[in-house]
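Colleague: Here it is, the structure, as structure tokens.
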Amino acid sequence: MSINYLDRIPNNVNLSEDRTLQRALEHWQPNYLKWWQEMGPESSQAHEVYLRTAVSVQPDGWAHFGHVRMPDYRWGIFLAPQDGQRKMHFGDHIGKDVWQEAPGEHRANLRRIIVTQGDTEPASVEQQRHLGHTAPSQYDLRNLFQVNVEEGRHLWAMVYLLHRYFGRDGREEADALLERNSGDEDSPRILGAFNEKTPDWLAFYMFTYFTDRDGKFQLSALSESCFDPLARTTKFMLTEEAHHMFVGESGVSRVLQRTAEVMRQRGIEAPDQVRAAGVIDLQTIQRYINFHYSVTIDLFGADQSSNAATFYSSGLKGRYEESKRTDDHQLKDRAYSILTVTNGELKEVEVPMLNALNEVLRDDFIRDTVAGVGRWNRVLEKNGIDFRLQVPHKAFNRQIGTLAGVRVSPEGIILSEEQWQAHQDEWLPTAEDRAFVGSLMGRVTEPGQFANWIAPPVIGINRQPINFDYIRFN
Ligand SMILES: [Fe+2]
Ligand SMILES: [Fe+2]
């Protein structure tokens, strides 16, 4: 399972033994690099960045840290080790050997799952491409670039599966992954949240907290797949994903820490006074949470979905932590409650669980998300600030599923269109909020220095000091 860095494409899948596949991927590689130059992080080509690169797929010591010129990063194909004994552990085929090749009858669904996941990876790089110009510190700029190169690698992971297991249509899908672009009018990315802008660093931290966490839950469900190569690929992607969510959670924590410090020192509370002190008011942070949370929970799809049932029963996509659950792993007579609107009220109704598996995964995501918001509130509490952040109601600002288009307040009250219009500026970031946050963004490049609106991190990367040269600007 050791990683071969001598090949043009680093890999641990013995790529050199399959010349046709190797040639096909080497043909895709320059197109990827061209995409990276055109759509990847702006003006980053000359920087040397203190990046981690995978050197093994073992949980311990898998990463090597060192300064790398961004375009020289070694994107490659790394799968978690194969467990030759693995059996199908959910769905209609429980107990049979897992698939090592794409099963003919599920080929189209499997390809669709891989393409949808693959599409999100370059999308987030595109969404974040301007942020380097306004990084609040070298430390943060390094973290942005680390996330970016790893999302690029996640694209490689999905492209490998398409090329290796799906023949000609797989290669066409791999090309198309470089042709769609985030926010593009003619050929946008597949999922809504990945066509939104990430215009400032507060949005970046929210994105990595909420939307990369959607990634964690999708990848976890795919890491249970009975198509073994998909399970092994996503398993290793999850190792990288943890850092992305750390960037988000710690980023928002540091913004809160700085705002709370300034509020306490000056004895101020009103949002305009807080803004005048050059830090981000808590109300604006709450509106960013409302936006990113609601857009992200839409990514789990419709609350009732026959596709979700098919993906599960056919063994393509499991539940989060499928192996740890103690039910029959087929779910044929189980029910699950989802929210609907009946007679102008939000009501829970029971539906067959198989059809509600998107909702099951969304609820797992929500539990995980709420825990982190609790940790943010402790930052406020420690600083003696009474304000508390919260995630909005599940039905707030939804565009997908039963709740799409229903007007609901963050507290879960159904509203008329007029009531919604009258209050939405209190609940979602306004153009003015975004302009204010944007006005704080300015590039800080001195090692150990941080923009005024954010506190320094508690510790550096890979035990380096906080004033380490994370970026060598050339
Ligand atoms: Fe990713
Ligand atoms: Fe990620």
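We label chains A, B, ... in the order they appear in the structure tokens, count residues from 1 in each chain, and number ligands from 1 in the order shown.
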Enumerate as a PyMOL selection string the residues within 7 Å of ligand 1, counting only C-alpha atoms and all ligand atoms.
Modeller: chain A and resi 121+150-151+154+212+215+237+241
Colleague: List every residue of stretch 247-342 of chain A that DSSP, applied to the backbone, labels as alpha helix (DSSP H), and write the result as a VMD selection string.
Modeller: chain A and resid 247 to 266 271 to 276 282 to 297 306 to 313
Colleague: With N, CA and C atoms kept, could you save the residues just selected as a short mmCIF file (atom, residue, chain, number, x, y, z; two decimals), in the first residue's frame?
Modeller:
data_model
loop_
_atom_site.label_atom_id
_atom_site.label_comp_id
_atom_site.auth_asym_id
_atom_site.auth_seq_id
_atom_site.Cartn_x
_atom_site.Cartn_y
_atom_site.Cartn_z
N VAL A 247 -10.67 24.01 10.12
CA VAL A 247 -10.44 25.38 9.66
C VAL A 247 -11.71 26.22 9.88
N GLY A 248 -12.86 25.64 9.59
CA GLY A 248 -14.12 26.34 9.77
C GLY A 248 -14.46 26.57 11.22
N GLU A 249 -14.39 25.51 12.01
CA GLU A 249 -14.80 25.66 13.41
C GLU A 249 -13.87 26.60 14.16
N SER A 250 -12.55 26.43 13.97
CA SER A 250 -11.62 27.30 14.69
C SER A 250 -11.66 28.71 14.12
N GLY A 251 -11.91 28.84 12.82
CA GLY A 251 -12.00 30.17 12.21
C GLY A 251 -13.13 31.00 12.83
N VAL A 252 -14.32 30.40 12.90
CA VAL A 252 -15.45 31.12 13.49
C VAL A 252 -15.18 31.38 14.98
N SER A 253 -14.60 30.42 15.68
CA SER A 253 -14.24 30.62 17.09
C SER A 253 -13.36 31.83 17.29
N ARG A 254 -12.38 31.97 16.40
CA ARG A 254 -11.43 33.09 16.54
C ARG A 254 -12.10 34.42 16.22
N VAL A 255 -13.04 34.42 15.27
CA VAL A 255 -13.79 35.65 14.98
C VAL A 255 -14.61 36.02 16.23
N LEU A 256 -15.27 35.03 16.83
CA LEU A 256 -16.08 35.27 18.03
C LEU A 256 -15.20 35.74 19.19
N GLN A 257 -14.05 35.11 19.34
CA GLN A 257 -13.13 35.50 20.42
C GLN A 257 -12.76 36.97 20.30
N ARG A 258 -12.43 37.39 19.08
CA ARG A 258 -11.99 38.77 18.87
C ARG A 258 -13.15 39.75 19.12
N THR A 259 -14.32 39.43 18.57
CA THR A 259 -15.48 40.30 18.77
C THR A 259 -15.82 40.40 20.26
N ALA A 260 -15.82 39.26 20.94
CA ALA A 260 -16.17 39.24 22.37
C ALA A 260 -15.17 40.05 23.19
N GLU A 261 -13.88 39.90 22.88
CA GLU A 261 -12.84 40.68 23.59
C GLU A 261 -13.10 42.17 23.47
N VAL A 262 -13.37 42.59 22.24
CA VAL A 262 -13.55 44.03 21.99
C VAL A 262 -14.82 44.52 22.69
N MET A 263 -15.89 43.71 22.62
CA MET A 263 -17.14 44.09 23.30
C MET A 263 -16.92 44.23 24.81
N ARG A 264 -16.18 43.31 25.36
CA ARG A 264 -15.93 43.32 26.81
C ARG A 264 -15.04 44.51 27.19
N GLN A 265 -13.92 44.68 26.47
CA GLN A 265 -12.99 45.76 26.81
C GLN A 265 -13.66 47.12 26.73
N ARG A 266 -14.52 47.30 25.72
CA ARG A 266 -15.12 48.63 25.54
C ARG A 266 -16.50 48.73 26.17
N PRO A 271 -24.83 46.51 17.65
CA PRO A 271 -24.10 46.11 16.44
C PRO A 271 -23.33 47.27 15.78
N ASP A 272 -23.92 48.46 15.74
CA ASP A 272 -23.19 49.55 15.06
C ASP A 272 -21.95 49.97 15.83
N GLN A 273 -22.00 49.89 17.16
CA GLN A 273 -20.80 50.21 17.96
C GLN A 273 -19.73 49.13 17.75
N VAL A 274 -20.20 47.88 17.69
CA VAL A 274 -19.25 46.78 17.49
C VAL A 274 -18.58 46.93 16.13
N ARG A 275 -19.38 47.26 15.13
CA ARG A 275 -18.81 47.47 13.78
C ARG A 275 -17.84 48.64 13.77
N ALA A 276 -18.19 49.69 14.48
CA ALA A 276 -17.32 50.88 14.51
C ALA A 276 -15.97 50.54 15.14
N LEU A 282 -22.17 40.19 16.37
CA LEU A 282 -22.69 38.82 16.55
C LEU A 282 -23.94 38.59 15.72
N GLN A 283 -24.73 39.65 15.51
CA GLN A 283 -25.96 39.51 14.72
C GLN A 283 -25.62 39.15 13.27
N THR A 284 -24.58 39.76 12.74
CA THR A 284 -24.16 39.42 11.37
C THR A 284 -23.65 37.98 11.31
N ILE A 285 -22.91 37.59 12.32
CA ILE A 285 -22.41 36.21 12.37
C ILE A 285 -23.59 35.23 12.40
N GLN A 286 -24.62 35.57 13.18
CA GLN A 286 -25.82 34.72 13.24
C GLN A 286 -26.48 34.63 11.86
N ARG A 287 -26.55 35.75 11.14
CA ARG A 287 -27.18 35.70 9.80
C ARG A 287 -26.36 34.85 8.84
N TYR A 288 -25.03 34.92 8.94
CA TYR A 288 -24.19 34.04 8.11
C TYR A 288 -24.47 32.57 8.45
N ILE A 289 -24.60 32.27 9.74
CA ILE A 289 -24.92 30.89 10.14
C ILE A 289 -26.25 30.46 9.50
N ASN A 290 -27.26 31.32 9.60
CA ASN A 290 -28.58 30.98 9.05
C ASN A 290 -28.49 30.65 7.57
N PHE A 291 -27.71 31.45 6.85
CA PHE A 291 -27.59 31.26 5.42
C PHE A 291 -26.85 29.94 5.11
N HIS A 292 -25.67 29.78 5.67
CA HIS A 292 -24.85 28.62 5.31
C HIS A 292 -25.48 27.32 5.79
N TYR A 293 -26.11 27.37 6.93
CA TYR A 293 -26.79 26.17 7.45
C TYR A 293 -27.93 25.76 6.52
N SER A 294 -28.79 26.70 6.15
CA SER A 294 -29.97 26.33 5.37
C SER A 294 -29.59 25.89 3.96
N VAL A 295 -28.61 26.57 3.37
CA VAL A 295 -28.17 26.17 2.03
C VAL A 295 -27.52 24.79 2.07
N THR A 296 -26.79 24.52 3.14
CA THR A 296 -26.08 23.24 3.24
C THR A 296 -27.03 22.08 3.51
N ILE A 297 -28.05 22.27 4.35
CA ILE A 297 -28.91 21.09 4.60
C ILE A 297 -29.73 20.73 3.36
N SER A 306 -37.10 8.19 -3.83
CA SER A 306 -37.02 6.78 -4.21
C SER A 306 -35.59 6.44 -4.65
N ASN A 307 -34.85 7.44 -5.13
CA ASN A 307 -33.44 7.20 -5.45
C ASN A 307 -32.65 6.81 -4.21
N ALA A 308 -32.90 7.54 -3.12
CA ALA A 308 -32.19 7.23 -1.88
C ALA A 308 -32.47 5.79 -1.46
N ALA A 309 -33.73 5.36 -1.61
CA ALA A 309 -34.09 3.98 -1.26
C ALA A 309 -33.35 2.99 -2.16
N THR A 310 -33.31 3.29 -3.46
CA THR A 310 -32.62 2.39 -4.39
C THR A 310 -31.12 2.33 -4.10
N PHE A 311 -30.51 3.50 -3.83
CA PHE A 311 -29.06 3.52 -3.56
C PHE A 311 -28.75 2.65 -2.35
N TYR A 312 -29.64 2.68 -1.35
CA TYR A 312 -29.41 1.90 -0.13
C TYR A 312 -29.66 0.41 -0.38
N SER A 313 -30.83 0.09 -0.90
CA SER A 313 -31.19 -1.33 -1.06
C SER A 313 -30.24 -2.04 -2.00
#
Colleague: Let me have all residues with an atom within 12 Å of ligand 2, counting only C-alpha atoms and all ligand atoms, laid out as a ChimeraX atom specification.
Modeller: /A:117-118,120-125,128,143-155,204-205,207-219,234,237-248
Colleague: I need the residues from that last selection saved to file as a tab-separated table (two decimals), in the first residue's frame (with C-alpha atoms), if you can.
Modeller:
chain	number	residue	atom	x	y	z
A	117	GLN	CA	-19.56	13.88	-5.32
A	118	GLY	CA	-16.73	14.64	-7.76
A	120	THR	CA	-18.39	19.38	-5.48
A	121	GLU	CA	-14.61	19.11	-5.11
A	122	PRO	CA	-13.40	21.48	-7.86
A	123	ALA	CA	-16.51	23.62	-7.24
A	124	SER	CA	-15.31	24.63	-3.79
A	125	VAL	CA	-11.85	25.49	-5.15
A	128	GLN	CA	-12.64	30.15	-2.90
A	143	ASN	CA	-4.96	26.75	5.58
A	144	LEU	CA	-6.95	28.03	2.60
A	145	PHE	CA	-4.37	26.62	0.20
A	146	GLN	CA	-4.24	23.32	2.08
A	147	VAL	CA	-8.00	22.96	1.73
A	148	ASN	CA	-7.77	23.90	-1.95
A	149	VAL	CA	-5.07	21.38	-2.88
A	150	GLU	CA	-6.91	18.63	-1.02
A	151	GLU	CA	-10.21	19.39	-2.75
A	152	GLY	CA	-8.20	19.11	-5.96
A	153	ARG	CA	-7.00	15.71	-4.77
A	154	HIS	CA	-10.55	14.66	-3.99
A	155	LEU	CA	-11.38	15.40	-7.60
A	204	PHE	CA	-15.09	30.76	4.01
A	205	TYR	CA	-15.10	29.66	7.65
A	207	PHE	CA	-18.46	27.10	4.30
A	208	THR	CA	-15.72	24.89	5.74
A	209	TYR	CA	-17.70	24.41	8.95
A	210	PHE	CA	-21.08	23.63	7.36
A	211	THR	CA	-20.51	22.58	3.76
A	212	ASP	CA	-17.31	20.58	4.25
A	213	ARG	CA	-19.26	18.81	7.01
A	214	ASP	CA	-21.87	17.88	4.41
A	215	GLY	CA	-18.83	16.37	2.65
A	216	LYS	CA	-17.96	14.42	5.77
A	217	PHE	CA	-21.45	12.90	5.97
A	218	GLN	CA	-21.71	12.11	2.26
A	219	LEU	CA	-18.23	10.55	2.25
A	234	THR	CA	-13.79	7.87	0.36
A	237	MET	CA	-10.71	11.34	1.71
A	238	LEU	CA	-12.30	11.53	5.17
A	239	THR	CA	-8.83	11.67	6.74
A	240	GLU	CA	-8.17	14.88	4.80
A	241	GLU	CA	-11.67	16.29	5.37
A	242	ALA	CA	-11.21	16.57	9.15
A	243	HIS	CA	-8.79	19.48	8.68
A	244	HIS	CA	-11.25	21.38	6.48
A	245	MET	CA	-13.89	21.33	9.22
A	246	PHE	CA	-11.24	22.31	11.76
A	247	VAL	CA	-10.44	25.38	9.66
A	248	GLY	CA	-14.12	26.34	9.77
Colleague: Can you pull out every residue within 12 Å of stretch 460-474 of chain A, counting only C-alpha atoms, but drop anything in the same chain fewer than 5 positions away, and send it as number ranges by chain?
Modeller: A: 43-52, 61, 63-70, 132, 135, 137-146, 243, 246-247, 250, 444-450, 455
Colleague: Deliver the residues from the most recent selection as a file, using C-alpha atoms, as a tab-separated table (two decimals), in the first residue's frame.
Modeller:
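Output below, filename part-v4.tsv:
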chain	number	residue	atom	x	y	z
A	43	SER	CA	-1.98	34.65	-7.91
A	44	SER	CA	-0.69	31.69	-5.92
A	45	GLN	CA	1.58	30.19	-8.55
A	46	ALA	CA	4.85	31.57	-7.19
A	47	HIS	CA	4.20	31.02	-3.48
A	48	GLU	CA	5.89	28.28	-1.53
A	49	VAL	CA	3.36	27.03	0.96
A	50	TYR	CA	3.86	24.87	4.05
A	51	LEU	CA	1.58	22.04	2.89
A	52	ARG	CA	0.94	18.52	3.97
A	61	GLY	CA	2.02	9.49	10.17
A	63	ALA	CA	1.23	13.23	6.09
A	64	HIS	CA	4.50	14.96	5.31
A	65	PHE	CA	4.77	18.74	5.85
A	66	GLY	CA	7.06	21.00	3.86
A	67	HIS	CA	7.18	24.12	1.68
A	68	VAL	CA	5.88	23.35	-1.81
A	69	ARG	CA	5.34	25.60	-4.81
A	70	MET	CA	1.60	25.41	-5.34
A	132	GLY	CA	-6.00	34.64	-1.12
A	135	ALA	CA	-6.18	36.50	3.91
A	137	SER	CA	-2.71	36.07	8.15
A	138	GLN	CA	-0.09	33.75	6.70
A	139	TYR	CA	-1.48	30.98	8.89
A	140	ASP	CA	-4.95	31.40	7.38
A	141	LEU	CA	-3.64	31.71	3.84
A	142	ARG	CA	-1.80	28.43	4.31
A	143	ASN	CA	-4.96	26.75	5.58
A	144	LEU	CA	-6.95	28.03	2.60
A	145	PHE	CA	-4.37	26.62	0.20
A	146	GLN	CA	-4.24	23.32	2.08
A	243	HIS	CA	-8.79	19.48	8.68
A	246	PHE	CA	-11.24	22.31	11.76
A	247	VAL	CA	-10.44	25.38	9.66
A	250	SER	CA	-11.62	27.30	14.69
A	444	VAL	CA	-2.00	40.61	6.25
A	445	THR	CA	1.29	39.03	5.21
A	446	GLU	CA	3.73	39.56	8.12
A	447	PRO	CA	4.37	36.28	9.96
A	448	GLY	CA	2.60	36.20	13.32
A	449	GLN	CA	0.39	39.20	12.47
A	450	PHE	CA	-3.40	38.95	12.26
A	455	ALA	CA	-7.91	36.40	17.10
Colleague: Near stretch 168-181 of chain A, counting only C-alpha atoms, which residues have an atom at most 7 Å away, once you skip same-chain residues fewer than 4 positions from it, shown as a list of chain:residue names?
Modeller: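 Counting only the stated atoms, we get A:Trp35, A:Asp119, A:Ala123, A:Val159, A:Leu162, A:His163, A:Ser187, A:Pro188, A:Arg189.
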Colleague: Do a neighbour search on A:Lys235 at 9 Å with only C-alpha atoms, toss out local chain neighbours closer than 2 positions, and write the hits as a compact mmCIF listing (two decimals) with N, CA and C atoms, in the first residue's frame.
Modeller:
# COMPACT_ATOMS: atom_id res chain seq x y z
N LEU A 79 -5.89 5.12 -2.12
CA LEU A 79 -7.03 4.38 -1.57
C LEU A 79 -6.63 3.73 -0.25
N ALA A 80 -7.56 3.69 0.68
CA ALA A 80 -7.32 2.96 1.93
C ALA A 80 -7.11 1.49 1.59
N LEU A 219 -19.37 11.49 2.40
CA LEU A 219 -18.23 10.55 2.25
C LEU A 219 -18.36 9.38 3.22
N SER A 220 -18.86 9.66 4.43
CA SER A 220 -19.04 8.57 5.39
C SER A 220 -20.04 7.55 4.87
N LEU A 222 -20.73 7.00 1.76
CA LEU A 222 -20.12 6.30 0.62
C LEU A 222 -19.01 5.35 1.07
N SER A 223 -18.39 5.65 2.21
CA SER A 223 -17.32 4.77 2.69
C SER A 223 -17.91 3.44 3.18
N GLU A 224 -19.23 3.35 3.30
CA GLU A 224 -19.90 2.09 3.64
C GLU A 224 -20.26 1.30 2.37
N LEU A 230 -15.00 2.40 -4.16
CA LEU A 230 -15.59 3.67 -3.69
C LEU A 230 -15.44 3.79 -2.17
N ALA A 231 -15.67 2.69 -1.47
CA ALA A 231 -15.52 2.69 -0.01
C ALA A 231 -14.09 3.04 0.38
N ARG A 232 -13.13 2.43 -0.31
CA ARG A 232 -11.71 2.65 0.05
C ARG A 232 -11.25 4.06 -0.29
N THR A 233 -11.73 4.59 -1.41
CA THR A 233 -11.34 5.96 -1.81
C THR A 233 -11.87 6.98 -0.82
N MET A 237 -10.31 9.92 1.85
CA MET A 237 -10.71 11.34 1.71
C MET A 237 -11.15 11.91 3.06
N LEU A 238 -11.81 11.07 3.86
CA LEU A 238 -12.30 11.53 5.17
C LEU A 238 -11.15 11.96 6.08
N THR A 239 -10.00 11.28 5.94
CA THR A 239 -8.83 11.67 6.74
C THR A 239 -8.46 13.12 6.46
Colleague: Could you check the closest approach to A:Glu321 for each of A:Phe90, A:Arg388, A:Gln127, A:Thr402 and tell me which residue wins, using only C-alpha atoms?
Modeller: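 Distance minimum relative to A:Glu321 lands on A:Phe90.
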Colleague: Which of these, A:Ile190, A:Ile338, A:Ala203, A:Leu403, has the shortest distance to A:Asp363 once you count only C-alpha atoms?
Modeller: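 Ranking A:Ile190, A:Ile338, A:Ala203, A:Leu403 by distance to A:Asp363, first place goes to A:Ile338.
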Colleague: Compile the contact shell of stretch 73-77 of chain A as a VMD selection string: residues with an atom at most 6 Å away, counting only C-alpha atoms, same-chain residues fewer than 2 positions apart removed.
Modeller: chain A and resid 9 to 11 70 to 71 153 157
Colleague: For the residues in that selection, give me C-alpha atoms as a PDB file, in the first residue's frame.
Modeller:
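Written output follows (again30.pdb):
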ATOM      1  CA  ILE A   9       0.781  10.493 -11.034  1.00  0.00           C
ATOM      2  CA  PRO A  10       1.596   9.488  -7.447  1.00  0.00           C
ATOM      3  CA  ASN A  11      -0.533   6.492  -6.485  1.00  0.00           C
ATOM      4  CA  MET A  70       1.604  25.414  -5.336  1.00  0.00           C
ATOM      5  CA  PRO A  71       1.568  24.159  -8.944  1.00  0.00           C
ATOM      6  CA  ARG A 153      -6.998  15.706  -4.770  1.00  0.00           C
ATOM      7  CA  ALA A 157     -10.027  10.395  -6.319  1.00  0.00           C
TER       8      ALA A 157
END
Colleague: Ranking A:Asn4, A:Asn383, A:Thr53, A:Thr134 by minimum distance to A:Ser439 and counting only C-alpha atoms, which one comes first?
Modeller: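 Selected residue with least distance to A:Ser439: A:Thr134.
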Colleague: Hey, what does DSSP flag as strand (DSSP E) within stretch 197-406 of chain A? Can you give it to me as a list in words?
Modeller: Ala335, Tyr336, Ser337, Ile338, Leu339, Thr340, Val341, Thr342, Glu345, Leu346, Lys347, Glu348, Val349, Glu350, Val351 and Pro352 of chain A
Colleague: At what distance in Å, to one decimal, does atom CA of A:Ala302 lie from atom CA of A:Asp425?
Modeller: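 Atom-to-atom, atom CA of A:Asp425 to atom CA of A:Ala302, that is 26.7 Å.
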Colleague: From the list A:Leu15, A:Ala102, A:Leu346, A:Ile366, which residue is nearest A:Ile413 when using only C-alpha atoms?
Modeller: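 The closest residue to A:Ile413 is A:Leu346.
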